[in-house]
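Dumped query.txt below, it's compact mmCIF, C-alpha atoms:
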# COMPACT_ATOMS: atom_id res chain seq x y z
CA MET A 19 -20.00 26.97 -29.29
CA ALA A 20 -16.50 25.72 -29.88
CA VAL A 21 -16.05 22.24 -31.28
CA LEU A 22 -14.89 19.72 -28.70
CA LYS A 23 -12.18 17.46 -30.07
CA VAL A 24 -10.76 14.26 -28.63
CA HIS A 25 -7.48 13.07 -30.11
CA GLY A 26 -7.15 9.39 -29.34
CA ASN A 27 -7.41 5.76 -30.26
CA PRO A 28 -10.32 3.36 -29.61
CA MET A 29 -8.05 0.84 -27.84
CA SER A 30 -6.85 3.38 -25.30
CA THR A 31 -8.48 3.14 -21.86
CA ALA A 32 -7.62 6.76 -21.20
CA ALA A 33 -9.31 7.85 -24.44
CA THR A 34 -12.50 5.87 -23.77
CA ARG A 35 -12.57 7.36 -20.25
CA VAL A 36 -13.01 10.76 -21.88
CA LEU A 37 -15.50 9.48 -24.48
CA ALA A 38 -17.65 7.98 -21.71
CA CYS A 39 -17.74 11.35 -19.96
CA LEU A 40 -18.66 13.29 -23.12
CA ILE A 41 -21.45 10.87 -24.02
CA GLU A 42 -22.86 10.88 -20.46
CA LYS A 43 -23.04 14.67 -20.74
CA GLY A 44 -24.73 14.44 -24.16
CA LEU A 45 -22.04 16.63 -25.72
CA GLU A 46 -21.20 16.65 -29.41
CA PHE A 47 -17.55 16.15 -30.20
CA GLU A 48 -15.16 15.20 -32.95
CA PHE A 49 -12.99 12.11 -32.48
CA VAL A 50 -9.64 12.58 -34.20
CA MET A 51 -7.87 9.25 -34.67
CA VAL A 52 -4.22 9.10 -33.63
CA ASP A 53 -2.27 6.34 -35.39
CA MET A 54 -0.35 4.89 -32.46
CA ARG A 55 1.11 2.00 -34.45
CA SER A 56 3.06 4.48 -36.55
CA GLY A 57 4.09 6.44 -33.45
CA GLU A 58 2.05 9.51 -34.36
CA HIS A 59 1.58 10.28 -30.65
CA LYS A 60 5.35 10.52 -30.10
CA LYS A 61 5.91 13.19 -32.76
CA GLU A 62 4.79 16.68 -33.63
CA PRO A 63 2.17 17.96 -34.04
CA PHE A 64 0.69 15.66 -31.36
CA LEU A 65 3.43 16.52 -28.84
CA SER A 66 2.30 20.12 -28.79
CA LEU A 67 -1.10 18.82 -27.59
CA ASN A 68 0.47 16.49 -25.00
CA PRO A 69 4.20 16.79 -24.34
CA PHE A 70 4.14 13.34 -22.69
CA GLY A 71 3.20 11.78 -26.04
CA GLN A 72 0.13 9.95 -24.76
CA VAL A 73 -3.49 9.79 -25.80
CA PRO A 74 -5.92 11.34 -25.30
CA ALA A 75 -5.54 15.04 -25.87
CA PHE A 76 -8.60 17.28 -25.76
CA GLU A 77 -9.49 20.65 -27.21
CA ASP A 78 -12.29 22.98 -26.18
CA GLY A 79 -11.77 26.04 -28.37
CA ASP A 80 -8.41 27.51 -27.38
CA LEU A 81 -8.12 25.36 -24.28
CA LYS A 82 -5.93 22.30 -24.79
CA LEU A 83 -5.92 19.58 -22.17
CA PHE A 84 -4.35 16.21 -21.53
CA GLU A 85 -4.45 13.57 -18.72
CA SER A 86 -7.83 11.82 -18.99
CA ARG A 87 -8.88 12.45 -15.37
CA ALA A 88 -8.15 16.19 -15.71
CA ILE A 89 -10.21 16.20 -18.92
CA THR A 90 -13.19 14.39 -17.38
CA GLN A 91 -13.18 16.72 -14.37
CA TYR A 92 -13.01 19.74 -16.69
CA ILE A 93 -15.97 18.45 -18.72
CA ALA A 94 -17.99 17.48 -15.62
CA HIS A 95 -17.59 20.91 -14.02
CA THR A 96 -17.74 23.10 -17.13
CA TYR A 97 -20.84 21.37 -18.51
CA ALA A 98 -22.39 20.63 -15.11
CA ASP A 99 -25.87 21.56 -16.30
CA LYS A 100 -25.85 19.17 -19.27
CA GLY A 101 -26.66 15.47 -19.27
CA THR A 102 -25.79 13.21 -16.31
CA PRO A 103 -24.43 15.00 -13.22
CA LEU A 104 -20.97 13.50 -12.75
CA VAL A 105 -19.87 15.72 -9.87
CA ILE A 106 -22.07 16.73 -6.94
CA PRO A 107 -22.51 19.87 -4.87
CA GLY A 108 -21.61 20.23 -1.22
CA LYS A 109 -19.18 18.42 1.02
CA GLU A 110 -20.20 15.02 -0.39
CA MET A 111 -17.99 15.94 -3.37
CA ALA A 112 -14.98 15.52 -1.05
CA ILE A 113 -15.93 11.84 -0.73
CA VAL A 114 -16.30 11.50 -4.51
CA SER A 115 -12.79 12.99 -4.79
CA VAL A 116 -11.48 10.42 -2.30
CA TRP A 117 -12.77 7.54 -4.43
CA MET A 118 -11.53 9.17 -7.64
CA GLU A 119 -8.09 9.14 -6.03
CA VAL A 120 -8.63 5.52 -4.97
CA GLU A 121 -9.28 4.58 -8.61
CA ALA A 122 -6.12 6.39 -9.70
CA GLN A 123 -3.78 5.36 -6.88
CA GLN A 124 -5.00 1.96 -5.62
CA TYR A 125 -7.03 0.32 -8.40
CA ASP A 126 -5.55 1.52 -11.70
CA PRO A 127 -1.88 0.51 -11.16
CA ALA A 128 -2.86 -3.15 -10.67
CA ALA A 129 -5.73 -3.09 -13.20
CA SER A 130 -3.56 -1.54 -15.93
CA LYS A 131 -0.71 -3.99 -15.41
CA LEU A 132 -3.10 -6.95 -15.64
CA LEU A 133 -4.97 -5.74 -18.69
CA TRP A 134 -1.68 -5.03 -20.45
CA GLU A 135 -0.47 -8.59 -19.77
CA LEU A 136 -3.74 -10.43 -20.35
CA ALA A 137 -5.56 -8.39 -22.99
CA ILE A 138 -3.38 -5.97 -24.94
CA LYS A 139 -0.20 -8.04 -25.21
CA SER A 140 -1.93 -10.99 -26.86
CA PHE A 141 -3.69 -8.63 -29.26
CA LEU A 142 -0.24 -7.29 -30.22
CA GLY A 143 1.20 -10.80 -30.59
CA MET A 144 3.36 -10.53 -27.43
CA GLN A 145 3.79 -13.07 -24.62
CA THR A 146 1.99 -12.69 -21.28
CA ASP A 147 4.42 -12.63 -18.35
CA PRO A 148 2.91 -14.97 -15.72
CA ALA A 149 5.10 -13.49 -12.97
CA VAL A 150 3.49 -10.09 -13.44
CA VAL A 151 0.01 -11.61 -13.34
CA GLU A 152 0.95 -13.54 -10.18
CA GLU A 153 2.18 -10.33 -8.55
CA TYR A 154 -0.71 -8.07 -9.43
CA GLU A 155 -3.75 -10.35 -9.11
CA PRO A 156 -3.53 -10.46 -5.29
CA LYS A 157 -3.02 -6.69 -5.22
CA LEU A 158 -6.16 -6.14 -7.27
CA ALA A 159 -8.00 -8.67 -5.08
CA LYS A 160 -7.12 -6.66 -1.94
CA VAL A 161 -8.44 -3.47 -3.53
CA LEU A 162 -11.64 -5.25 -4.54
CA ASP A 163 -12.10 -6.45 -0.95
CA VAL A 164 -12.20 -2.80 0.09
CA TYR A 165 -14.63 -2.07 -2.76
CA GLU A 166 -16.89 -4.93 -1.60
CA ALA A 167 -17.10 -3.40 1.88
CA ARG A 168 -17.58 0.10 0.45
CA LEU A 169 -20.39 -0.98 -1.88
CA SER A 170 -22.19 -2.54 1.08
CA GLN A 171 -22.44 0.99 2.51
CA SER A 172 -23.12 3.01 -0.63
CA LYS A 173 -24.80 2.26 -3.94
CA TYR A 174 -21.98 3.62 -6.07
CA ILE A 175 -18.31 3.92 -5.28
CA GLY A 176 -18.34 7.66 -4.47
CA GLY A 177 -21.76 7.83 -2.83
CA ASP A 178 -25.39 7.14 -3.66
CA CYS A 179 -25.23 8.46 -7.23
CA PHE A 180 -23.19 7.51 -10.27
CA THR A 181 -20.29 9.95 -10.56
CA LEU A 182 -16.86 10.30 -12.17
CA ALA A 183 -15.54 8.01 -9.40
CA ASP A 184 -17.46 5.10 -11.00
CA LEU A 185 -16.98 6.24 -14.61
CA HIS A 186 -13.21 6.32 -14.37
CA HIS A 187 -13.22 2.52 -13.84
CA LEU A 188 -15.20 1.63 -16.96
CA PRO A 189 -12.43 1.36 -19.56
CA THR A 190 -10.20 -0.95 -17.51
CA LEU A 191 -13.18 -3.01 -16.31
CA ASN A 192 -14.18 -3.54 -19.93
CA TYR A 193 -10.85 -5.22 -20.65
CA LEU A 194 -10.49 -7.10 -17.37
CA MET A 195 -13.95 -8.69 -17.59
CA ARG A 196 -12.79 -10.38 -20.82
CA THR A 197 -9.78 -11.98 -19.11
CA PRO A 198 -9.39 -14.66 -16.39
CA VAL A 199 -9.22 -11.77 -13.87
CA LYS A 200 -13.01 -11.62 -14.25
CA LYS A 201 -13.14 -14.25 -11.49
CA LEU A 202 -11.98 -11.68 -8.93
CA PHE A 203 -15.01 -9.53 -9.71
CA ASP A 204 -17.49 -12.42 -9.94
CA ALA A 205 -16.39 -13.68 -6.51
CA ARG A 206 -17.51 -10.45 -4.83
CA PRO A 207 -21.29 -10.00 -5.08
CA LYS A 208 -21.53 -6.25 -4.43
CA VAL A 209 -18.61 -5.52 -6.76
CA SER A 210 -20.06 -7.83 -9.40
CA ALA A 211 -23.46 -6.10 -9.25
CA TRP A 212 -21.81 -2.67 -9.42
CA VAL A 213 -19.74 -3.67 -12.48
CA ALA A 214 -22.87 -5.01 -14.22
CA ASP A 215 -24.81 -1.84 -13.38
CA ILE A 216 -22.28 0.72 -14.57
CA SER A 217 -21.24 -1.33 -17.63
CA SER A 218 -24.83 -1.43 -18.86
CA ARG A 219 -25.26 2.35 -18.87
CA PRO A 220 -26.39 3.52 -22.33
CA ALA A 221 -23.52 6.02 -22.59
CA TRP A 222 -20.91 3.29 -22.01
CA CYS A 223 -22.65 0.99 -24.48
CA LYS A 224 -22.39 3.80 -27.03
CA VAL A 225 -18.65 4.11 -26.35
CA LEU A 226 -18.27 0.39 -27.05
CA GLU A 227 -20.24 0.68 -30.28
CA MET A 228 -18.09 3.62 -31.37
CA THR A 229 -14.83 1.86 -30.62
CA ASN A 230 -15.69 -1.67 -31.78
CA PRO A 231 -17.38 -1.30 -35.15
CA LYS A 232 -18.65 -4.66 -36.36
CA MET B 6 -8.87 24.71 19.17
CA ALA B 7 -8.10 22.91 15.95
CA SER B 8 -11.15 21.35 14.39
CA LEU B 9 -9.02 19.57 11.79
CA LYS B 10 -7.27 16.38 12.86
CA LEU B 11 -4.62 14.96 10.57
CA HIS B 12 -3.67 11.38 11.33
CA GLY B 13 -0.15 10.71 10.06
CA LEU B 14 3.54 11.21 10.69
CA PRO B 15 5.84 14.19 10.20
CA MET B 16 8.29 12.29 7.97
CA SER B 17 5.70 10.54 5.80
CA SER B 18 5.70 11.86 2.23
CA CYS B 19 1.92 11.67 1.87
CA THR B 20 1.30 13.25 5.28
CA THR B 21 3.71 16.09 4.50
CA ARG B 22 1.97 16.67 1.16
CA VAL B 23 -1.10 17.58 3.21
CA MET B 24 0.80 19.51 5.91
CA ILE B 25 2.48 21.78 3.34
CA CYS B 26 -0.99 22.58 1.98
CA LEU B 27 -2.40 23.29 5.46
CA HIS B 28 0.49 25.67 6.20
CA GLU B 29 0.14 27.41 2.82
CA LYS B 30 -3.52 28.03 3.66
CA GLY B 31 -2.71 29.11 7.24
CA VAL B 32 -5.11 26.51 8.61
CA GLU B 33 -4.73 25.22 12.17
CA PHE B 34 -4.71 21.49 12.64
CA GLU B 35 -3.72 18.80 15.11
CA LEU B 36 -1.28 16.15 13.92
CA VAL B 37 -2.30 12.85 15.51
CA PRO B 38 0.64 10.41 15.26
CA VAL B 39 -0.04 6.94 13.88
CA ASP B 40 2.38 4.27 15.05
CA LEU B 41 3.31 2.40 11.89
CA PHE B 42 5.83 0.24 13.73
CA THR B 43 3.11 -1.36 15.84
CA ALA B 44 0.88 -1.56 12.74
CA GLN B 45 -1.64 0.85 14.21
CA HIS B 46 -2.67 1.71 10.65
CA LYS B 47 -3.82 -1.88 10.09
CA GLN B 48 -6.02 -2.00 13.21
CA PRO B 49 -9.84 -1.78 12.97
CA ASP B 50 -9.99 1.70 14.52
CA PHE B 51 -7.76 3.17 11.83
CA LEU B 52 -9.23 1.02 9.04
CA SER B 53 -12.62 2.51 9.82
CA LYS B 54 -11.12 5.85 8.82
CA ASN B 55 -9.13 4.61 5.79
CA PRO B 56 -9.99 1.08 4.64
CA PHE B 57 -6.69 0.98 2.73
CA GLY B 58 -4.79 1.28 6.02
CA GLN B 59 -2.59 4.18 4.92
CA ILE B 60 -1.70 7.59 6.29
CA PRO B 61 -2.74 10.36 6.16
CA VAL B 62 -6.39 10.72 7.06
CA LEU B 63 -8.04 14.08 7.67
CA GLU B 64 -11.01 14.38 10.01
CA ASP B 65 -13.05 17.59 9.76
CA GLY B 66 -16.08 17.24 11.99
CA ASP B 67 -18.12 14.37 10.56
CA LEU B 68 -16.14 14.27 7.31
CA THR B 69 -13.29 11.73 7.03
CA ILE B 70 -11.05 12.13 3.99
CA PHE B 71 -8.13 10.00 2.85
CA GLU B 72 -5.83 9.91 -0.23
CA SER B 73 -3.49 12.88 0.21
CA ARG B 74 -4.41 14.52 -3.13
CA ALA B 75 -8.13 14.42 -2.25
CA VAL B 76 -7.26 15.96 1.13
CA THR B 77 -5.24 18.82 -0.39
CA GLU B 78 -8.05 19.52 -2.86
CA TYR B 79 -10.59 19.59 -0.01
CA VAL B 80 -8.45 21.95 2.11
CA SER B 81 -7.72 24.21 -0.86
CA LYS B 82 -11.44 24.49 -1.69
CA LYS B 83 -12.77 24.85 1.86
CA PHE B 84 -10.26 27.56 2.75
CA LYS B 85 -10.17 29.22 -0.65
CA ASP B 86 -10.43 32.68 0.83
CA GLN B 87 -7.37 32.45 3.06
CA GLY B 88 -3.67 31.89 2.51
CA THR B 89 -2.13 31.00 -0.84
CA ASP B 90 -4.52 30.40 -3.74
CA LEU B 91 -3.53 26.86 -4.66
CA ILE B 92 -6.30 25.94 -7.10
CA ARG B 93 -7.11 29.19 -8.98
CA GLN B 94 -10.86 28.58 -9.07
CA ASP B 95 -11.60 32.12 -10.26
CA SER B 96 -10.14 31.32 -13.68
CA LEU B 97 -11.40 28.38 -15.73
CA GLU B 98 -8.17 28.25 -17.70
CA GLU B 99 -5.86 28.46 -14.67
CA SER B 100 -7.81 25.95 -12.57
CA THR B 101 -7.80 23.53 -15.52
CA LEU B 102 -4.03 23.88 -15.94
CA VAL B 103 -3.59 23.16 -12.22
CA LYS B 104 -5.70 19.99 -12.65
CA ILE B 105 -3.68 18.87 -15.66
CA TRP B 106 -0.29 19.28 -13.97
CA ALA B 107 -1.57 17.75 -10.72
CA GLU B 108 -2.58 14.72 -12.82
CA VAL B 109 0.91 14.76 -14.37
CA GLU B 110 2.41 14.51 -10.87
CA SER B 111 0.04 11.67 -10.04
CA GLN B 112 0.32 9.68 -13.28
CA GLN B 113 3.75 10.47 -14.76
CA PHE B 114 6.00 11.57 -11.89
CA ASN B 115 4.83 9.64 -8.84
CA PRO B 116 4.98 6.11 -10.33
CA VAL B 117 8.64 6.55 -11.30
CA ILE B 118 10.00 8.42 -8.28
CA ASN B 119 8.16 6.30 -5.71
CA PRO B 120 10.14 3.07 -6.40
CA ILE B 121 13.45 4.97 -6.14
CA ILE B 122 12.52 6.46 -2.76
CA TYR B 123 11.25 3.07 -1.60
CA GLN B 124 14.43 1.24 -2.64
CA PHE B 125 16.76 3.80 -1.08
CA PHE B 126 14.94 4.66 2.16
CA VAL B 127 12.43 1.94 2.99
CA ALA B 128 13.81 -1.38 1.68
CA PRO B 129 16.84 -1.27 4.01
CA LEU B 130 14.51 -0.81 7.00
CA GLN B 131 12.71 -3.97 5.98
CA GLY B 132 15.98 -5.89 5.83
CA LYS B 133 15.99 -6.00 2.03
CA SER B 134 18.93 -5.05 -0.14
CA LEU B 135 18.49 -2.20 -2.56
CA ASP B 136 17.50 -3.34 -6.07
CA GLN B 137 19.71 -1.32 -8.39
CA ALA B 138 17.89 -2.56 -11.49
CA ILE B 139 14.64 -1.04 -10.27
CA ILE B 140 16.42 2.20 -9.45
CA ASP B 141 18.14 2.37 -12.84
CA GLU B 142 14.95 1.63 -14.74
CA ASN B 143 13.07 4.36 -12.90
CA LEU B 144 15.87 6.90 -13.05
CA GLU B 145 15.72 6.66 -16.81
CA LYS B 146 11.96 7.17 -16.81
CA LEU B 147 12.28 10.02 -14.32
CA GLY B 148 14.80 11.72 -16.59
CA LYS B 149 12.33 11.60 -19.49
CA VAL B 150 9.55 13.08 -17.33
CA LEU B 151 11.86 15.84 -16.11
CA ASP B 152 12.85 16.61 -19.70
CA VAL B 153 9.20 17.56 -20.28
CA TYR B 154 9.23 19.63 -17.08
CA GLU B 155 12.44 21.36 -18.21
CA GLU B 156 10.74 22.47 -21.40
CA LYS B 157 7.54 23.54 -19.61
CA LEU B 158 9.46 25.51 -16.98
CA GLY B 159 11.20 27.34 -19.81
CA LYS B 160 7.78 28.75 -20.74
CA THR B 161 6.17 29.27 -17.31
CA LYS B 162 7.64 29.96 -13.89
CA TYR B 163 5.73 27.11 -12.23
CA LEU B 164 4.17 23.99 -13.68
CA ALA B 165 0.60 25.19 -14.25
CA GLY B 166 1.54 28.77 -15.14
CA ASP B 167 3.28 31.77 -13.64
CA PHE B 168 1.74 30.98 -10.26
CA TYR B 169 2.57 28.44 -7.55
CA SER B 170 -0.22 25.87 -7.15
CA LEU B 171 -1.12 22.41 -5.90
CA ALA B 172 0.50 21.05 -9.06
CA ASP B 173 3.92 22.16 -7.75
CA LEU B 174 3.12 21.42 -4.10
CA HIS B 175 2.26 17.76 -4.68
CA HIS B 176 5.81 17.08 -5.91
CA MET B 177 7.59 18.43 -2.91
CA PRO B 178 7.86 15.57 -0.41
CA TYR B 179 9.30 13.10 -2.92
CA ILE B 180 11.70 15.62 -4.49
CA PHE B 181 12.92 16.57 -1.00
CA TYR B 182 13.82 12.97 -0.25
CA PHE B 183 15.14 12.35 -3.76
CA MET B 184 17.65 15.18 -3.34
CA LYS B 185 19.16 13.22 -0.42
CA THR B 186 19.90 10.20 -2.65
CA PRO B 187 23.03 9.70 -4.78
CA TRP B 188 20.95 10.59 -7.87
CA ALA B 189 20.11 14.23 -7.14
CA HIS B 190 22.06 15.06 -10.31
CA VAL B 191 18.96 14.05 -12.31
CA VAL B 192 17.35 17.23 -10.97
CA ASN B 193 20.51 19.36 -10.83
CA GLU B 194 21.43 18.64 -14.47
CA ARG B 195 18.23 20.33 -15.60
CA PRO B 196 18.68 24.06 -14.84
CA LYS B 197 15.01 25.08 -15.04
CA VAL B 198 13.89 22.13 -12.91
CA LYS B 199 16.68 22.86 -10.43
CA ALA B 200 15.71 26.54 -10.20
CA TRP B 201 12.05 25.61 -9.79
CA TRP B 202 12.90 23.20 -6.96
CA GLU B 203 15.07 25.80 -5.21
CA ASP B 204 12.26 28.35 -5.47
CA ILE B 205 9.43 26.18 -4.20
CA SER B 206 11.51 24.58 -1.44
CA SER B 207 12.37 28.03 -0.08
CA ARG B 208 8.69 28.73 0.68
CA ASP B 209 7.97 29.18 4.41
CA ALA B 210 5.20 26.59 4.47
CA PHE B 211 7.54 23.96 3.07
CA LYS B 212 10.44 24.88 5.36
CA LYS B 213 8.21 24.42 8.41
CA VAL B 214 7.25 20.92 7.29
CA ALA B 215 10.75 19.95 6.10
CA GLU B 216 12.03 20.33 9.67
CA GLY B 217 10.16 17.16 10.57
CA MET B 218 11.20 15.17 7.50
CA LYS B 219 14.07 13.32 9.10
CA PHE B 220 13.80 10.06 7.16
CA GLY B 221 17.25 9.00 6.08
CA ASP B 222 19.23 11.55 8.07
CA ASN B 223 22.16 10.17 10.03
Can you dump the structure from the file as structure tokens?
Amino acid sequence: MAVLKVHGNPMSTAATRVLACLIEKGLEFEFVMVDMRSGEHKKEPFLSLNPFGQVPAFEDGDLKLFESRAITQYIAHTYADKGTPLVIPGKEMAIVSVWMEVEAQQYDPAASKLLWELAIKSFLGMQTDPAVVEEYEPKLAKVLDVYEARLSQSKYIGGDCFTLADLHHLPTLNYLMRTPVKKLFDARPKVSAWVADISSRPAWCKVLEMTNPK
Amino acid sequence: MASLKLHGLPMSSCTTRVMICLHEKGVEFELVPVDLFTAQHKQPDFLSKNPFGQIPVLEDGDLTIFESRAVTEYVSKKFKDQGTDLIRQDSLEESTLVKIWAEVESQQFNPVINPIIYQFFVAPLQGKSLDQAIIDENLEKLGKVLDVYEEKLGKTKYLAGDFYSLADLHHMPYIFYFMKTPWAHVVNERPKVKAWWEDISSRDAFKKVAEGMKFGDN
């Protein structure tokens, strides 16, 4: 079997999205560190793996992929019979796809902006822009209101089982729950319970161990 | 009788994304207009279909699907044996490439073209003046994204390979409107991107839908 390789960086939410998927599926892989501080991802040879110069990039034998949500879907379908089922058969998969799109189109734009301002910027010694936080907190709150109603009807975001639709949220949740934005999640009981549930999955805990060596 | 009901509007970019797909697959559907001006999309009846209060929504029997890119994926899978093959499921490599370049549209292209379209077409309708700074910032980003496309389209005829797919289709509504702005040169200056746009916009399925895309016409 070909070696699976993830080219990425432990701080990258997109990279940990892929790691979470691989570990849920119980797949062996090699993590190839990309030195983003020196701009390695903006030069060759990385650009021939991802012409957009972003992590992660993924290799399965001759197949080279980028865009974390394309990679996770590839892994979930190709290795469907291994580990945790992350996609489901039948027309219920259409609903999982809906909520995967919701994560990408409704949740992530606000979540990413907030985690950049409140988590990453301070780590990099940059100043948080309060205007951005003020703009995006209410947007995230509105999305979480929809999630609260959704999670009153179904155990997980895409249906009654844990799927990619839930998994895709884990990396950004991990950052946001360490910032003042945590209050938005704590204020919504179903959302709060869902965050606690998916964040305590052994596979995600392993990702955190891998990416935060003590 | 059409069993598929698409709630949306003929000039809405996200609705047309789905309609192009339905026409490519030769699937009959009923377009059920949603009156945005009376905020029909924010009323409980519509919110029960899409809690985010946005068009389009597809109803297929007891299945209700929203988010245009989830709808096109559903239609492409359900009707895989008719019309244009948009997702290439028979080949692991091709279907994966379609996924990658559909994600590129979603994550790289859409966030930078959307604000330009909004500023030029929508802001004036809301009584706001166009914010040139936002346009300039996003034009620069769009140029960088299209530089990558220019290189890719030098290697393959379409984005995912030498075949038209959902990856190309998803771009069409916003490029159509973008070409009506003063900044169409961003596309026209890139010969491969320009040729790709001319090719895909000449497809019958698109031409049918483009007839209804009258946003911004005088």
>> With only C-alpha atoms considered, list every residue of chain B at most 9 Å from chain A, as a ChimeraX atom specification.
In response: /B:56-57,68-76,78-79,97-98,101-102,104-109,111-113,116,149-150,153,157
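When atom CA of Gln59 of chain B is paired with atom CA of Lys208 of chain A, their separation reads 23.6 Å.
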>> For a cutoff of 7 Å around the file-coordinate point (16.4, 3.8, -7.1), which residues qualify once you count only C-alpha atoms? I'd like the result as a PyMOL selection string.
In response: chain B and resi 120-122+124-125+137+139-141+143-144
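Atom CA of Ser172 of chain A to atom CA of Leu185 of chain A spans 15.6 Å [interatomic distance, one decimal].
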>> Could you tell me how far atom CA of Phe220 of chain B sits from atom CA of Tyr123 of chain B, in Å to one decimal place?
In response: 11.5 Å
>> Using all atoms listed in the file, can you tell me which of B:Ile118, B:Ile92, B:Ile60, B:Ala165 comes closest to Leu41 of chain B?
In response: B:Ile60
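Restricting the calculation to all atoms listed in the file, the smallest distance between Gly88 of chain B and any of B:Pro49, B:Pro187, B:Gly31, B:Gly13 is found for B:Gly31.
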If we count all atoms listed in the file and set the cut-off at 8 Å, which residues sit around Ile41 of chain A, ignoring sequence neighbours fewer than 6 positions away in its own chain? Please answer as a PDB file with C-alpha atoms, keeping the file's coordinate frame.
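New file selection-v6.pdb:
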ATOM      1  CA  ALA A 221     -23.520   6.020 -22.590  1.00  0.00           C
ATOM      2  CA  TRP A 222     -20.910   3.290 -22.010  1.00  0.00           C
ATOM      3  CA  LYS A 224     -22.390   3.800 -27.030  1.00  0.00           C
ATOM      4  CA  VAL A 225     -18.650   4.110 -26.350  1.00  0.00           C
TER       5      VAL A 225
END
> Residues at most 8 Å from Leu14 of chain B, counting all atoms listed in the file, excluding those fewer than 2 positions away in the same chain, as number ranges by chain?
Replying inline: B: 12, 16-17, 20-21, 36-39, 60-61
